[in-house]
file protein04.txt (compact mmCIF, C-alpha atoms)
# COMPACT_ATOMS: atom_id res chain seq x y z
CA MET A 1 23.69 27.07 -3.79
CA ALA A 2 26.45 27.05 -1.21
CA ALA A 3 25.91 24.95 1.87
CA THR A 4 25.52 26.77 5.16
CA PRO A 5 27.65 25.71 8.13
CA GLU A 6 24.50 24.29 9.72
CA SER A 7 23.59 22.16 6.69
CA ALA A 8 27.17 21.00 6.34
CA ALA A 9 27.24 19.92 9.93
CA GLN A 10 23.98 18.04 9.48
CA LYS A 11 25.05 16.22 6.32
CA PRO A 12 25.50 12.57 7.32
CA GLY A 13 28.50 10.53 6.36
CA THR A 14 28.36 7.01 4.91
CA PHE A 15 28.45 5.37 8.33
CA ASP A 16 25.62 7.55 9.63
CA ALA A 17 23.55 6.87 6.51
CA VAL A 18 23.79 3.11 7.16
CA ALA A 19 23.63 3.26 10.96
CA VAL A 20 20.28 5.04 10.92
CA TYR A 21 18.61 1.82 9.71
CA PHE A 22 19.67 0.08 12.93
CA LYS A 23 18.22 2.65 15.30
CA PRO A 24 15.45 1.12 17.45
CA ARG A 25 12.80 3.56 16.22
CA VAL A 26 13.55 2.79 12.58
CA LEU A 27 13.63 -0.96 13.21
CA ILE A 28 10.21 -0.76 14.89
CA VAL A 29 8.81 1.05 11.84
CA LEU A 30 10.38 -1.59 9.60
CA LEU A 31 8.64 -4.42 11.50
CA LEU A 32 5.36 -2.52 11.39
CA GLY A 33 5.83 -2.27 7.63
CA PHE A 34 5.81 -6.08 7.46
CA SER A 35 2.62 -6.12 9.53
CA SER A 36 1.00 -3.58 7.19
CA GLY A 37 1.95 -5.41 3.99
CA LEU A 38 0.89 -8.86 5.19
CA PRO A 39 -2.92 -8.56 4.91
CA LEU A 40 -3.09 -6.93 1.46
CA ALA A 41 -2.54 -10.04 -0.67
CA LEU A 42 -4.86 -12.13 1.52
CA SER A 43 -7.86 -10.16 0.27
CA GLY A 44 -6.26 -9.50 -3.12
CA SER A 45 -3.94 -11.59 -5.30
CA THR A 46 -3.81 -14.68 -3.04
CA LEU A 47 -7.60 -14.71 -2.79
CA SER A 48 -7.73 -14.29 -6.58
CA VAL A 49 -5.63 -17.43 -7.07
CA TRP A 50 -7.85 -19.33 -4.61
CA LEU A 51 -10.99 -18.26 -6.48
CA THR A 52 -9.45 -19.04 -9.90
CA GLU A 53 -8.42 -22.50 -8.75
CA ARG A 54 -11.95 -23.18 -7.52
CA GLY A 55 -13.43 -22.27 -10.91
CA VAL A 56 -14.94 -18.85 -10.12
CA ASP A 57 -15.47 -16.87 -13.35
CA LEU A 58 -13.26 -13.90 -14.26
CA GLY A 59 -16.05 -11.36 -14.01
CA THR A 60 -16.72 -12.31 -10.40
CA ILE A 61 -13.01 -12.33 -9.57
CA GLY A 62 -12.71 -8.82 -11.01
CA LEU A 63 -15.61 -7.66 -8.81
CA PHE A 64 -13.73 -8.96 -5.78
CA SER A 65 -11.45 -5.94 -6.06
CA LEU A 66 -14.37 -4.06 -4.46
CA VAL A 67 -13.61 -5.75 -1.13
CA GLY A 68 -10.73 -3.28 -0.93
CA LEU A 69 -13.14 -0.35 -0.54
CA PRO A 70 -12.13 0.13 3.14
CA TYR A 71 -8.73 1.27 1.85
CA THR A 72 -10.60 3.89 -0.19
CA PHE A 73 -12.78 5.19 2.65
CA LYS A 74 -10.33 4.91 5.53
CA PHE A 75 -10.02 8.69 5.65
CA ALA A 76 -13.58 8.76 7.03
CA TRP A 77 -12.54 7.20 10.35
CA ALA A 78 -8.91 8.39 10.37
CA PRO A 79 -9.78 11.36 12.65
CA ILE A 80 -11.29 8.93 15.18
CA VAL A 81 -8.07 6.93 15.28
CA ASP A 82 -6.10 10.17 15.46
CA ALA A 83 -8.08 11.64 18.33
CA LEU A 84 -9.61 8.97 20.58
CA ASP A 85 -8.23 6.30 22.91
CA VAL A 86 -8.96 2.56 22.92
CA PRO A 87 -10.47 1.58 26.30
CA VAL A 88 -7.98 -0.28 28.53
CA LEU A 89 -5.36 -0.78 25.79
CA SER A 90 -4.57 2.92 25.37
CA ARG A 91 -4.40 3.31 29.15
CA LEU A 92 -1.86 0.48 29.36
CA LEU A 93 0.15 1.16 26.20
CA GLY A 94 -0.68 4.68 25.03
CA ARG A 95 -3.02 5.88 22.29
CA ARG A 96 -1.02 4.79 19.23
CA ARG A 97 0.15 1.45 20.58
CA GLY A 98 -3.31 0.72 21.95
CA TRP A 99 -4.81 1.17 18.49
CA LEU A 100 -2.02 -0.91 16.94
CA ILE A 101 -2.64 -3.89 19.23
CA LEU A 102 -6.41 -3.64 18.68
CA THR A 103 -6.11 -3.63 14.88
CA GLN A 104 -3.57 -6.45 14.93
CA LEU A 105 -5.84 -8.63 17.06
CA LEU A 106 -8.75 -7.85 14.75
CA LEU A 107 -6.61 -8.79 11.75
CA ILE A 108 -5.71 -12.17 13.21
CA ALA A 109 -9.40 -12.93 13.77
CA ALA A 110 -10.46 -11.63 10.34
CA ILE A 111 -7.77 -13.62 8.47
CA VAL A 112 -8.86 -16.84 10.18
CA VAL A 113 -12.52 -16.08 9.40
CA LEU A 114 -11.64 -15.62 5.71
CA GLY A 115 -9.69 -18.88 5.71
CA LEU A 116 -12.72 -20.70 7.11
CA THR A 117 -14.93 -19.71 4.16
CA ASN A 118 -15.52 -21.89 1.10
CA PRO A 119 -15.86 -20.25 -2.37
CA LEU A 120 -17.78 -23.28 -3.69
CA LYS A 121 -20.45 -23.07 -1.00
CA SER A 122 -20.97 -19.36 -0.29
CA LEU A 123 -19.27 -16.49 -2.11
CA PRO A 124 -21.06 -13.92 0.12
CA LEU A 125 -19.24 -15.36 3.14
CA VAL A 126 -15.94 -15.06 1.26
CA VAL A 127 -16.78 -11.41 0.52
CA PHE A 128 -17.62 -10.83 4.20
CA GLY A 129 -14.32 -12.32 5.36
CA ALA A 130 -12.32 -10.38 2.78
CA VAL A 131 -13.99 -7.08 3.73
CA LEU A 132 -13.20 -7.75 7.41
CA VAL A 133 -9.53 -8.25 6.54
CA ALA A 134 -9.44 -5.11 4.38
CA ALA A 135 -11.17 -2.95 7.02
CA ALA A 136 -8.85 -4.05 9.84
CA SER A 137 -5.84 -3.67 7.56
CA ALA A 138 -6.83 -0.16 6.45
CA THR A 139 -7.24 0.89 10.10
CA GLN A 140 -3.82 -0.53 10.96
CA ASP A 141 -2.34 1.48 8.08
CA ILE A 142 -3.81 4.70 9.52
CA VAL A 143 -2.23 4.02 12.91
CA VAL A 144 1.14 2.97 11.51
CA ASP A 145 1.35 6.11 9.36
CA ALA A 146 0.58 8.29 12.39
CA PHE A 147 3.02 6.32 14.57
CA ARG A 148 5.80 6.67 11.98
CA VAL A 149 5.34 10.42 11.59
CA GLU A 150 5.17 11.04 15.34
CA SER A 151 7.97 8.65 16.37
CA LEU A 152 10.72 9.54 13.93
CA PRO A 153 12.52 12.88 13.79
CA VAL A 154 12.80 14.50 10.37
CA SER A 155 16.35 13.17 9.96
CA GLU A 156 15.10 9.57 10.28
CA GLN A 157 11.87 9.85 8.26
CA GLY A 158 13.59 8.91 5.00
CA ALA A 159 15.19 5.79 6.47
CA GLY A 160 11.92 4.90 8.16
CA MET A 161 9.99 5.17 4.90
CA ALA A 162 12.59 3.17 2.96
CA GLY A 163 12.61 0.38 5.56
CA TYR A 164 8.81 0.46 5.81
CA VAL A 165 8.34 0.06 2.04
CA ALA A 166 10.86 -2.80 1.81
CA ALA A 167 9.30 -4.64 4.78
CA TYR A 168 5.81 -3.96 3.39
CA ARG A 169 6.74 -5.80 0.20
CA ILE A 170 8.23 -8.67 2.20
CA GLY A 171 4.96 -8.89 4.11
CA MET A 172 3.11 -9.08 0.79
CA LEU A 173 5.55 -11.78 -0.33
CA ALA A 174 4.81 -13.81 2.81
CA SER A 175 1.04 -13.63 2.28
CA GLY A 176 1.38 -14.06 -1.48
CA ALA A 177 4.11 -16.47 -2.54
CA GLY A 178 4.52 -17.77 1.01
CA VAL A 179 0.89 -18.81 1.37
CA LEU A 180 0.77 -20.25 -2.17
CA VAL A 181 3.89 -22.35 -1.60
CA LEU A 182 2.53 -23.49 1.75
CA VAL A 183 -0.81 -24.47 0.18
CA ALA A 184 0.97 -26.38 -2.60
CA TRP A 185 3.07 -28.18 0.04
CA PHE A 186 -0.03 -29.09 2.03
CA GLU A 187 -1.59 -30.51 -1.15
CA HIS A 188 1.58 -32.54 -1.76
CA LEU A 189 1.30 -33.96 1.76
CA GLY A 190 -2.20 -35.17 0.92
CA ILE A 191 -4.15 -32.78 3.13
CA ALA A 192 -7.77 -32.47 2.00
CA ARG A 193 -8.21 -29.77 -0.64
CA ASP A 194 -10.98 -28.11 1.35
CA SER A 195 -8.54 -27.60 4.25
CA VAL A 196 -5.29 -26.48 2.62
CA TRP A 197 -6.35 -22.87 2.11
CA LEU A 198 -7.60 -22.63 5.69
CA TRP A 199 -4.20 -23.68 7.04
CA GLY A 200 -2.47 -21.30 4.64
CA TYR A 201 -4.50 -18.42 6.03
CA VAL A 202 -3.95 -19.56 9.63
CA ALA A 203 -0.20 -19.45 8.99
CA ALA A 204 -0.56 -15.91 7.63
CA ALA A 205 -2.53 -14.90 10.73
CA ALA A 206 0.29 -16.23 12.91
CA CYS A 207 2.73 -13.93 11.09
CA MET A 208 0.87 -10.94 12.55
CA ALA A 209 2.86 -11.71 15.71
CA VAL A 210 5.73 -9.77 14.11
CA GLY A 211 3.74 -6.54 14.25
CA MET A 212 2.46 -7.24 17.76
CA ILE A 213 5.97 -7.82 19.08
CA ALA A 214 7.13 -4.59 17.43
CA THR A 215 4.23 -2.71 19.03
CA LEU A 216 4.99 -4.06 22.50
CA LEU A 217 8.70 -3.21 22.16
CA ALA A 218 8.01 0.28 20.80
CA THR A 219 7.97 3.49 22.78
CA GLU A 220 4.72 5.45 22.67
CA PRO A 221 5.15 8.79 20.83
CA ASP A 222 4.61 11.94 22.88
CA ALA A 223 0.90 12.76 23.06
CA PRO A 224 -0.23 16.23 21.96
CA LYS A 225 -0.57 18.68 24.81
CA PRO A 226 -4.18 19.15 25.90
CA ALA A 227 -5.73 22.57 25.57
CA SER A 228 -5.64 24.46 28.85
CA GLY A 229 -8.83 24.55 30.89
CA THR A 230 -10.54 21.61 29.20
CA GLY A 231 -11.35 18.16 30.49
CA GLU A 232 -10.20 14.95 28.84
CA ARG A 233 -13.62 14.14 27.37
CA HIS A 234 -14.01 17.62 25.86
CA ASN A 235 -10.43 17.39 24.69
CA ALA A 236 -11.14 14.20 22.74
CA VAL A 237 -14.27 15.56 21.08
CA ARG A 238 -12.63 18.87 20.30
CA ARG A 239 -9.54 17.21 18.90
CA LEU A 240 -11.68 14.92 16.74
CA TYR A 241 -13.55 17.91 15.36
CA ASP A 242 -10.42 20.03 14.83
CA THR A 243 -8.54 17.16 13.17
CA ALA A 244 -11.33 16.41 10.72
CA ILE A 245 -12.18 20.02 9.84
CA GLY A 246 -8.57 21.18 9.76
CA ALA A 247 -7.23 18.28 7.66
CA PHE A 248 -10.03 18.13 5.12
CA GLY A 249 -10.50 21.89 4.99
CA ASP A 250 -6.83 22.52 4.29
CA MET A 251 -6.84 19.97 1.47
CA LEU A 252 -10.09 21.05 -0.18
CA THR A 253 -9.43 24.80 -0.17
CA ARG A 254 -6.17 24.67 -2.09
CA ASN A 255 -5.87 26.00 -5.63
CA SER A 256 -6.88 23.36 -8.20
CA ALA A 257 -7.99 21.07 -5.33
CA ILE A 258 -10.35 18.98 -7.48
CA ALA A 259 -7.73 18.44 -10.18
CA ILE A 260 -5.13 17.50 -7.55
CA LEU A 261 -7.41 14.92 -5.93
CA LEU A 262 -8.43 13.51 -9.31
CA PHE A 263 -4.76 13.18 -10.24
CA VAL A 264 -4.13 11.28 -6.99
CA VAL A 265 -6.94 8.88 -7.95
CA LEU A 266 -5.73 8.32 -11.51
CA TYR A 267 -1.92 8.34 -11.35
CA LYS A 268 -1.55 4.68 -10.31
CA PHE A 269 -4.79 3.54 -11.97
CA CYS A 270 -3.23 1.93 -15.05
CA ASP A 271 -0.92 -0.06 -12.78
CA ALA A 272 -3.81 -1.12 -10.53
CA PHE A 273 -6.11 -1.88 -13.48
CA ALA A 274 -3.66 -4.45 -14.81
CA GLY A 275 -2.58 -5.62 -11.35
CA ALA A 276 -6.12 -6.55 -10.30
CA LEU A 277 -6.08 -9.46 -12.77
CA THR A 278 -2.37 -10.29 -12.96
CA ALA A 279 -2.74 -13.39 -10.77
CA ALA A 280 -5.81 -14.62 -12.65
CA PHE A 281 -4.08 -13.94 -15.99
CA VAL A 282 -0.95 -15.92 -15.12
CA ILE A 283 -2.94 -18.91 -13.86
CA ASN A 284 -5.51 -18.65 -16.67
CA ILE A 285 -2.98 -18.87 -19.52
CA GLY A 286 -1.48 -22.07 -18.10
CA PHE A 287 1.12 -21.40 -15.40
CA ASP A 288 0.86 -23.34 -12.12
CA LYS A 289 0.86 -21.90 -8.59
CA ALA A 290 4.49 -22.84 -7.92
CA THR A 291 5.69 -20.94 -11.00
CA TYR A 292 3.48 -18.00 -10.10
CA ALA A 293 4.92 -17.92 -6.59
CA ALA A 294 8.53 -18.23 -7.72
CA VAL A 295 8.43 -15.70 -10.54
CA VAL A 296 5.66 -13.22 -9.78
CA LYS A 297 6.29 -13.04 -6.04
CA GLY A 298 9.96 -14.05 -5.83
CA VAL A 299 11.68 -12.43 -8.82
CA GLY A 300 9.07 -9.68 -8.75
CA LEU A 301 10.02 -8.73 -5.20
CA ALA A 302 13.69 -8.33 -6.12
CA ALA A 303 12.77 -6.19 -9.14
CA ALA A 304 10.45 -4.07 -6.99
CA LEU A 305 13.08 -3.45 -4.32
CA ILE A 306 15.62 -2.38 -6.95
CA GLY A 307 12.97 -0.24 -8.61
CA GLY A 308 12.21 1.41 -5.27
CA PHE A 309 15.81 2.54 -4.85
CA ALA A 310 15.85 3.67 -8.51
CA GLY A 311 12.70 5.71 -7.86
CA GLY A 312 14.35 7.29 -4.84
CA ALA A 313 17.34 8.26 -6.99
CA VAL A 314 15.03 9.82 -9.58
CA VAL A 315 13.23 11.87 -6.91
CA ARG A 316 16.53 13.11 -5.48
CA ALA A 317 18.02 14.01 -8.86
CA LEU A 318 15.04 15.56 -10.67
CA PRO A 319 12.17 17.94 -9.94
CA LEU A 320 9.02 16.28 -8.63
CA SER A 321 7.01 17.08 -11.75
CA THR A 322 9.66 15.56 -14.02
CA SER A 323 9.83 12.48 -11.80
CA LEU A 324 6.06 12.04 -12.06
CA TRP A 325 6.29 12.16 -15.86
CA ILE A 326 8.97 9.45 -15.84
CA GLY A 327 7.01 7.23 -13.46
CA GLY A 328 3.73 7.68 -15.35
CA ILE A 329 5.19 6.88 -18.77
CA LEU A 330 7.10 3.84 -17.46
CA GLN A 331 3.96 2.45 -15.81
CA MET A 332 1.97 2.87 -19.00
CA ALA A 333 4.60 1.21 -21.20
CA SER A 334 5.14 -1.71 -18.81
CA ASN A 335 1.52 -2.88 -19.16
CA LEU A 336 2.16 -3.65 -22.82
CA THR A 337 4.60 -6.38 -21.79
CA PHE A 338 1.62 -8.38 -20.52
CA SER A 339 0.05 -8.16 -23.99
CA TRP A 340 3.30 -9.58 -25.34
CA LEU A 341 3.22 -12.40 -22.77
CA ALA A 342 -0.37 -13.22 -23.74
CA VAL A 343 0.85 -13.68 -27.34
CA VAL A 344 3.90 -15.74 -26.33
CA GLY A 345 1.91 -17.99 -23.98
CA VAL A 346 3.37 -20.33 -21.35
CA SER A 347 7.04 -19.43 -21.29
CA VAL A 348 8.88 -19.02 -17.99
CA PRO A 349 11.57 -16.72 -19.49
CA ALA A 350 8.86 -14.50 -21.01
CA LEU A 351 6.95 -14.44 -17.72
CA THR A 352 10.15 -13.58 -15.84
CA ALA A 353 10.98 -10.71 -18.21
CA THR A 354 7.43 -9.35 -18.00
CA ILE A 355 7.35 -9.46 -14.21
CA ILE A 356 10.78 -7.83 -13.90
CA VAL A 357 9.73 -4.95 -16.14
CA GLU A 358 6.34 -4.51 -14.46
CA ASN A 359 7.61 -4.64 -10.88
CA PHE A 360 10.67 -2.48 -11.55
CA THR A 361 8.70 0.29 -13.27
CA GLY A 362 5.77 -0.01 -10.88
CA ALA A 363 8.07 0.46 -7.88
CA ILE A 364 9.64 3.53 -9.47
CA GLY A 365 6.18 4.99 -9.96
CA THR A 366 5.14 4.11 -6.41
CA VAL A 367 8.13 5.78 -4.72
CA ILE A 368 7.69 8.90 -6.84
CA PHE A 369 3.97 8.95 -6.06
CA VAL A 370 4.62 8.54 -2.31
CA ALA A 371 7.01 11.50 -2.52
CA TYR A 372 4.26 13.53 -4.18
CA ILE A 373 1.46 12.74 -1.71
CA SER A 374 3.85 13.24 1.21
CA ALA A 375 4.65 16.70 -0.16
CA LEU A 376 0.91 17.43 -0.34
CA CYS A 377 0.50 16.87 3.41
CA GLY A 378 0.42 20.20 5.21
CA ASP A 379 0.38 20.92 8.95
CA ARG A 380 2.04 18.15 10.98
CA ALA A 381 -1.04 18.05 13.24
CA HIS A 382 -3.05 16.84 10.24
CA THR A 383 -0.45 14.66 8.52
CA ALA A 384 -1.95 11.28 9.47
CA THR A 385 -5.48 12.21 8.42
CA GLN A 386 -4.39 13.91 5.20
CA TYR A 387 -2.13 11.00 4.35
CA ALA A 388 -5.06 8.64 4.96
CA LEU A 389 -7.25 10.75 2.68
CA LEU A 390 -4.70 10.79 -0.14
CA THR A 391 -3.82 7.10 0.06
CA ALA A 392 -7.53 6.28 0.26
CA LEU A 393 -8.14 8.23 -2.94
CA ALA A 394 -5.22 6.44 -4.57
CA ALA A 395 -6.86 3.13 -3.62
CA VAL A 396 -9.93 4.02 -5.71
CA GLY A 397 -7.99 2.90 -8.78
CA ARG A 398 -7.36 -0.62 -7.54
CA THR A 399 -10.85 -1.04 -6.07
CA THR A 400 -13.81 0.73 -7.67
CA LEU A 401 -12.29 1.70 -11.03
CA ALA A 402 -10.59 -1.68 -11.57
CA SER A 403 -13.60 -3.75 -10.53
CA GLY A 404 -14.92 -4.18 -14.07
CA GLY A 405 -11.61 -5.44 -15.44
CA GLY A 406 -12.70 -9.08 -15.46
CA PHE A 407 -15.66 -8.37 -17.73
CA ILE A 408 -13.44 -6.37 -20.11
CA ALA A 409 -10.87 -9.19 -20.22
CA GLU A 410 -13.58 -11.75 -20.95
CA SER A 411 -14.99 -9.73 -23.83
CA THR A 412 -11.73 -8.50 -25.40
CA GLY A 413 -9.15 -11.18 -24.58
CA TRP A 414 -5.94 -10.70 -22.65
CA VAL A 415 -3.91 -8.97 -25.41
CA THR A 416 -6.43 -6.18 -25.94
CA PHE A 417 -7.21 -5.92 -22.24
CA PHE A 418 -3.65 -4.99 -21.31
CA VAL A 419 -3.50 -2.49 -24.18
CA ILE A 420 -6.61 -0.87 -22.68
CA THR A 421 -4.92 -0.73 -19.26
CA ALA A 422 -1.97 1.11 -20.83
CA VAL A 423 -4.28 3.64 -22.51
CA ALA A 424 -5.93 4.20 -19.11
CA ALA A 425 -2.77 6.08 -18.06
CA ILE A 426 -3.41 8.95 -20.48
CA PRO A 427 -5.94 10.92 -18.34
CA SER A 428 -3.47 11.13 -15.43
CA LEU A 429 -0.75 12.42 -17.76
CA VAL A 430 -3.12 15.06 -19.13
CA LEU A 431 -3.86 16.17 -15.55
CA LEU A 432 -0.14 16.22 -14.78
CA TRP A 433 0.44 18.51 -17.77
CA TRP A 434 -2.43 20.80 -16.68
CA LEU A 435 -1.23 21.01 -13.06
CA GLN A 436 2.26 21.80 -14.27
CA LEU A 437 0.91 24.68 -16.37
CA ARG A 438 -0.96 25.98 -13.30
CA GLY A 439 2.26 26.14 -11.28
CA HIS A 440 1.10 23.46 -8.85
CA PHE A 441 4.57 21.98 -8.39
CA ALA A 442 6.42 25.23 -7.73
CA ARG A 443 5.60 25.15 -4.00
CA LEU A 444 5.91 21.37 -3.62
CA GLU A 445 9.39 21.27 -5.11
CA LYS A 446 10.72 23.52 -2.36
CA PRO A 447 12.16 21.65 0.66
CA LYS A 448 9.35 21.58 3.24
CA GLY A 449 7.03 19.41 5.25
CA PRO A 450 7.46 16.88 8.04
CA ILE A 451 7.88 13.86 5.82
CA ALA A 452 11.09 13.27 3.89
CA VAL A 453 10.85 10.60 1.24
CA ASP A 454 14.34 9.37 0.65
CA ASP A 455 15.32 5.94 -0.49

call {"tool": "encode", "arguments": {"input": "protein04.txt", "output": "structure tokens"}}
result
Amino acid sequence: MAATPESAAQKPGTFDAVAVYFKPRVLIVLLLGFSSGLPLALSGSTLSVWLTERGVDLGTIGLFSLVGLPYTFKFAWAPIVDALDVPVLSRLLGRRRGWLILTQLLLIAAIVVLGLTNPLKSLPLVVFGAVLVAAASATQDIVVDAFRVESLPVSEQGAGMAGYVAAYRIGMLASGAGVLVLVAWFEHLGIARDSVWLWGYVAAAACMAVGMIATLLATEPDAPKPASGTGERHNAVRRLYDTAIGAFGDMLTRNSAIAILLFVVLYKFCDAFAGALTAAFVINIGFDKATYAAVVKGVGLAAALIGGFAGGAVVRALPLSTSLWIGGILQMASNLTFSWLAVVGVSVPALTATIIVENFTGAIGTVIFVAYISALCGDRAHTATQYALLTALAAVGRTTLASGGGFIAESTGWVTFFVITAVAAIPSLVLLWWLQLRGHFARLEKPKGPIAVDD
């Protein structure tokens, strides 16, 4: 198709494509990406290593994936965040920035509370602290998604998403490998074993300052215009109602709505099923924390970043449905490399190869999946709530569905367990095939929507 004069004029050159990453709005989103990624490992893989080191059994560690349920149900309170102000903070900073500061302060407190718990004395307190972190983190994600959509023009959404994803992974690295290395260093210094994890979590809480600084430096997005003839209080209630009904109604009344939502739940499930016990697996078969941090979090990050750009290239070059097939098959096949590692045993080269394959393919699948759920979002007025709903459904895989993984691993052994996680990808591929036959992707593959996913 020939380019129109307008599209030709809008096509950025190489300088513009690079310069967009240095625009203040994009840099703010990048820093908020770090703030969003930071808490995830603290109630996930890092906590799993802590529990494994303290002798907690695999079945219990697997059940700890349930503390991530706030990520699954965050759509329930997304309309509140979308519609209502935070007392005092929103008056001083604006609605979005007020919510950002509130969630960031809550995260600092929750991370410290989790660090103060002791798995040997009271697992329920550990669960409580982890749920606090997950709930505050999920709320921050809602606000950041809304802030990103409302702050960046369409031409900068792709750069914003790319920077956000990269910084998100760096945040996970800081709370994963960073905390583990810090804890190992504290142990080397002779600090009491009961205290090292506390100070590791305190250091992670201090890193939330990055997001707070970004929030304070940011410019509040333009607020929606109030309906004429209504007061502020009525406005808030009406907007809450309209946001919830409009966002959920639009999503649930689409053709094949149930199949679409089920596909969102299952597409990343095989990846999450294996990922829920990756940390416990690596430590359990004989690797130490330093090796885990260097390979799984260090080399893995590099592989994931490269995989993210590869996924972006796939999305640009191929139809969305074809891209989803590629991502789904790669994710399924990559889980088998963990079965191979379980056979090989303690071998740093084998661990490195496994982690490179898993993180590279997983990142490809993630970018393609983000492109898909972004395309599913409809009216811009509902984007934040719909995005929260879809990402919450996607989180079901790594929380509820993956929670029994520890019991399966204990009864089958690691080799068979990872084969089972690969087989778990088949239902999503069957749904993908069915949706393709129903013509679901015909509308999505047309250029549309407020969010451009472009790595």

call {"tool": "residues_around", "arguments": {"input": "protein04.txt", "residues": "range 111-126 of chain A", "least_positions_apart": "5", "cutoff": "6 Å", "atoms": "only C-alpha atoms", "output": "ChimeraX atom specification"}}
result
/A:133,198,201-202,205

call {"tool": "closest_residue", "arguments": {"input": "protein04.txt", "among": "A:Ala303, A:Ala424, A:Gly312, A:Gly275", "to": "Met332 in chain A", "atoms": "only C-alpha atoms"}}
result
A:Ala424

call {"tool": "closest_residue", "arguments": {"input": "protein04.txt", "among": "A:Trp433, A:Phe338, A:Tyr168, A:Tyr267", "to": "Phe34 in chain A", "atoms": "all atoms listed in the file"}}
result
A:Tyr168

call {"tool": "residues_around", "arguments": {"input": "protein04.txt", "residues": "Val183 in chain A", "least_positions_apart": "3", "cutoff": "12 Å", "atoms": "only C-alpha atoms", "output": "MDAnalysis selection string"}}
result
chainID A and resid 46 49:50 53 115 175:180 186:204 289:290 293

call {"tool": "closest_residue", "arguments": {"input": "protein04.txt", "among": "A:Val282, A:Leu93, A:Ala276, A:Leu261", "to": "Pro221 in chain A", "atoms": "only C-alpha atoms"}}
result
A:Leu93

call {"tool": "closest_residue", "arguments": {"input": "protein04.txt", "among": "A:Ala317, A:Ser374, A:Asp271, A:Asn284", "to": "Ala333 in chain A", "atoms": "all atoms listed in the file"}}
result
A:Asp271

call {"tool": "atom_distance", "arguments": {"input": "protein04.txt", "atom1": "CA of Phe64 in chain A", "atom2": "CA of Leu301 in chain A"}}
result
23.8 Å

call {"tool": "atom_distance", "arguments": {"input": "protein04.txt", "atom1": "CA of Arg169 in chain A", "atom2": "CA of Gly362 in chain A"}}
result
12.5 Å

call {"tool": "closest_residue", "arguments": {"input": "protein04.txt", "among": "A:Val165, A:Ala353, A:Ala409, A:Leu89", "to": "Thr366 in chain A", "atoms": "all atoms listed in the file"}}
result
A:Val165

call {"tool": "residues_around", "arguments": {"input": "protein04.txt", "residues": "Leu435 in chain A", "least_positions_apart": "5", "cutoff": "12 Å", "atoms": "only C-alpha atoms", "output": "ChimeraX atom specification"}}
result
/A:255-264,321,324-325,428-430,440-442,444

call {"tool": "closest_residue", "arguments": {"input": "protein04.txt", "among": "A:Phe75, A:Phe22, A:Phe128, A:Tyr164", "to": "Gln386 in chain A", "atoms": "all atoms listed in the file"}}
result
A:Phe75

call {"tool": "residues_around", "arguments": {"input": "protein04.txt", "residues": "range 67-71 of chain A", "least_positions_apart": "2", "cutoff": "12 Å", "atoms": "all atoms listed in the file", "output": "number ranges by chain"}}
result
A: 39-45, 47-48, 60-65, 73-78, 124-142, 276, 388-403

call {"tool": "atom_distance", "arguments": {"input": "protein04.txt", "atom1": "CA of Phe417 in chain A", "atom2": "CA of Asp57 in chain A"}}
result
16.3 Å

call {"tool": "decode", "arguments": {"input": "protein04.txt", "residues": "range 62-71 of chain A", "atoms": "N, CA and C atoms", "output": "JSON list (two decimals), in the first residue's frame"}}
result
[["chain", "number", "residue", "atom", "x", "y", "z"],
["A", 62, "GLY", "N", 5.23, -23.64, 46.89],
["A", 62, "GLY", "CA", 4.34, -23.54, 45.74],
["A", 62, "GLY", "C", 3.06, -22.79, 46.07],
["A", 63, "LEU", "N", 2.50, -23.06, 47.26],
["A", 63, "LEU", "CA", 1.28, -22.37, 47.68],
["A", 63, "LEU", "C", 1.50, -20.87, 47.86],
["A", 64, "PHE", "N", 2.74, -20.47, 48.09],
["A", 64, "PHE", "CA", 3.03, -19.05, 48.27],
["A", 64, "PHE", "C", 2.76, -18.23, 47.00],
["A", 65, "SER", "N", 2.62, -18.91, 45.87],
["A", 65, "SER", "CA", 2.28, -18.16, 44.66],
["A", 65, "SER", "C", 0.90, -17.52, 44.79],
["A", 66, "LEU", "N", 0.08, -18.03, 45.73],
["A", 66, "LEU", "CA", -1.25, -17.46, 45.95],
["A", 66, "LEU", "C", -1.20, -16.05, 46.53],
["A", 67, "VAL", "N", -0.05, -15.66, 47.11],
["A", 67, "VAL", "CA", 0.02, -14.30, 47.65],
["A", 67, "VAL", "C", -0.05, -13.27, 46.53],
["A", 68, "GLY", "N", 0.12, -13.73, 45.29],
["A", 68, "GLY", "CA", 0.01, -12.82, 44.15],
["A", 68, "GLY", "C", -1.42, -12.61, 43.68],
["A", 69, "LEU", "N", -2.41, -13.11, 44.42],
["A", 69, "LEU", "CA", -3.80, -12.95, 44.00],
["A", 69, "LEU", "C", -4.23, -11.49, 43.81],
["A", 70, "PRO", "N", -3.68, -10.52, 44.55],
["A", 70, "PRO", "CA", -4.05, -9.12, 44.24],
["A", 70, "PRO", "C", -3.78, -8.72, 42.80],
["A", 71, "TYR", "N", -2.75, -9.30, 42.17],
["A", 71, "TYR", "CA", -2.51, -9.01, 40.75],
["A", 71, "TYR", "C", -3.65, -9.56, 39.90]]
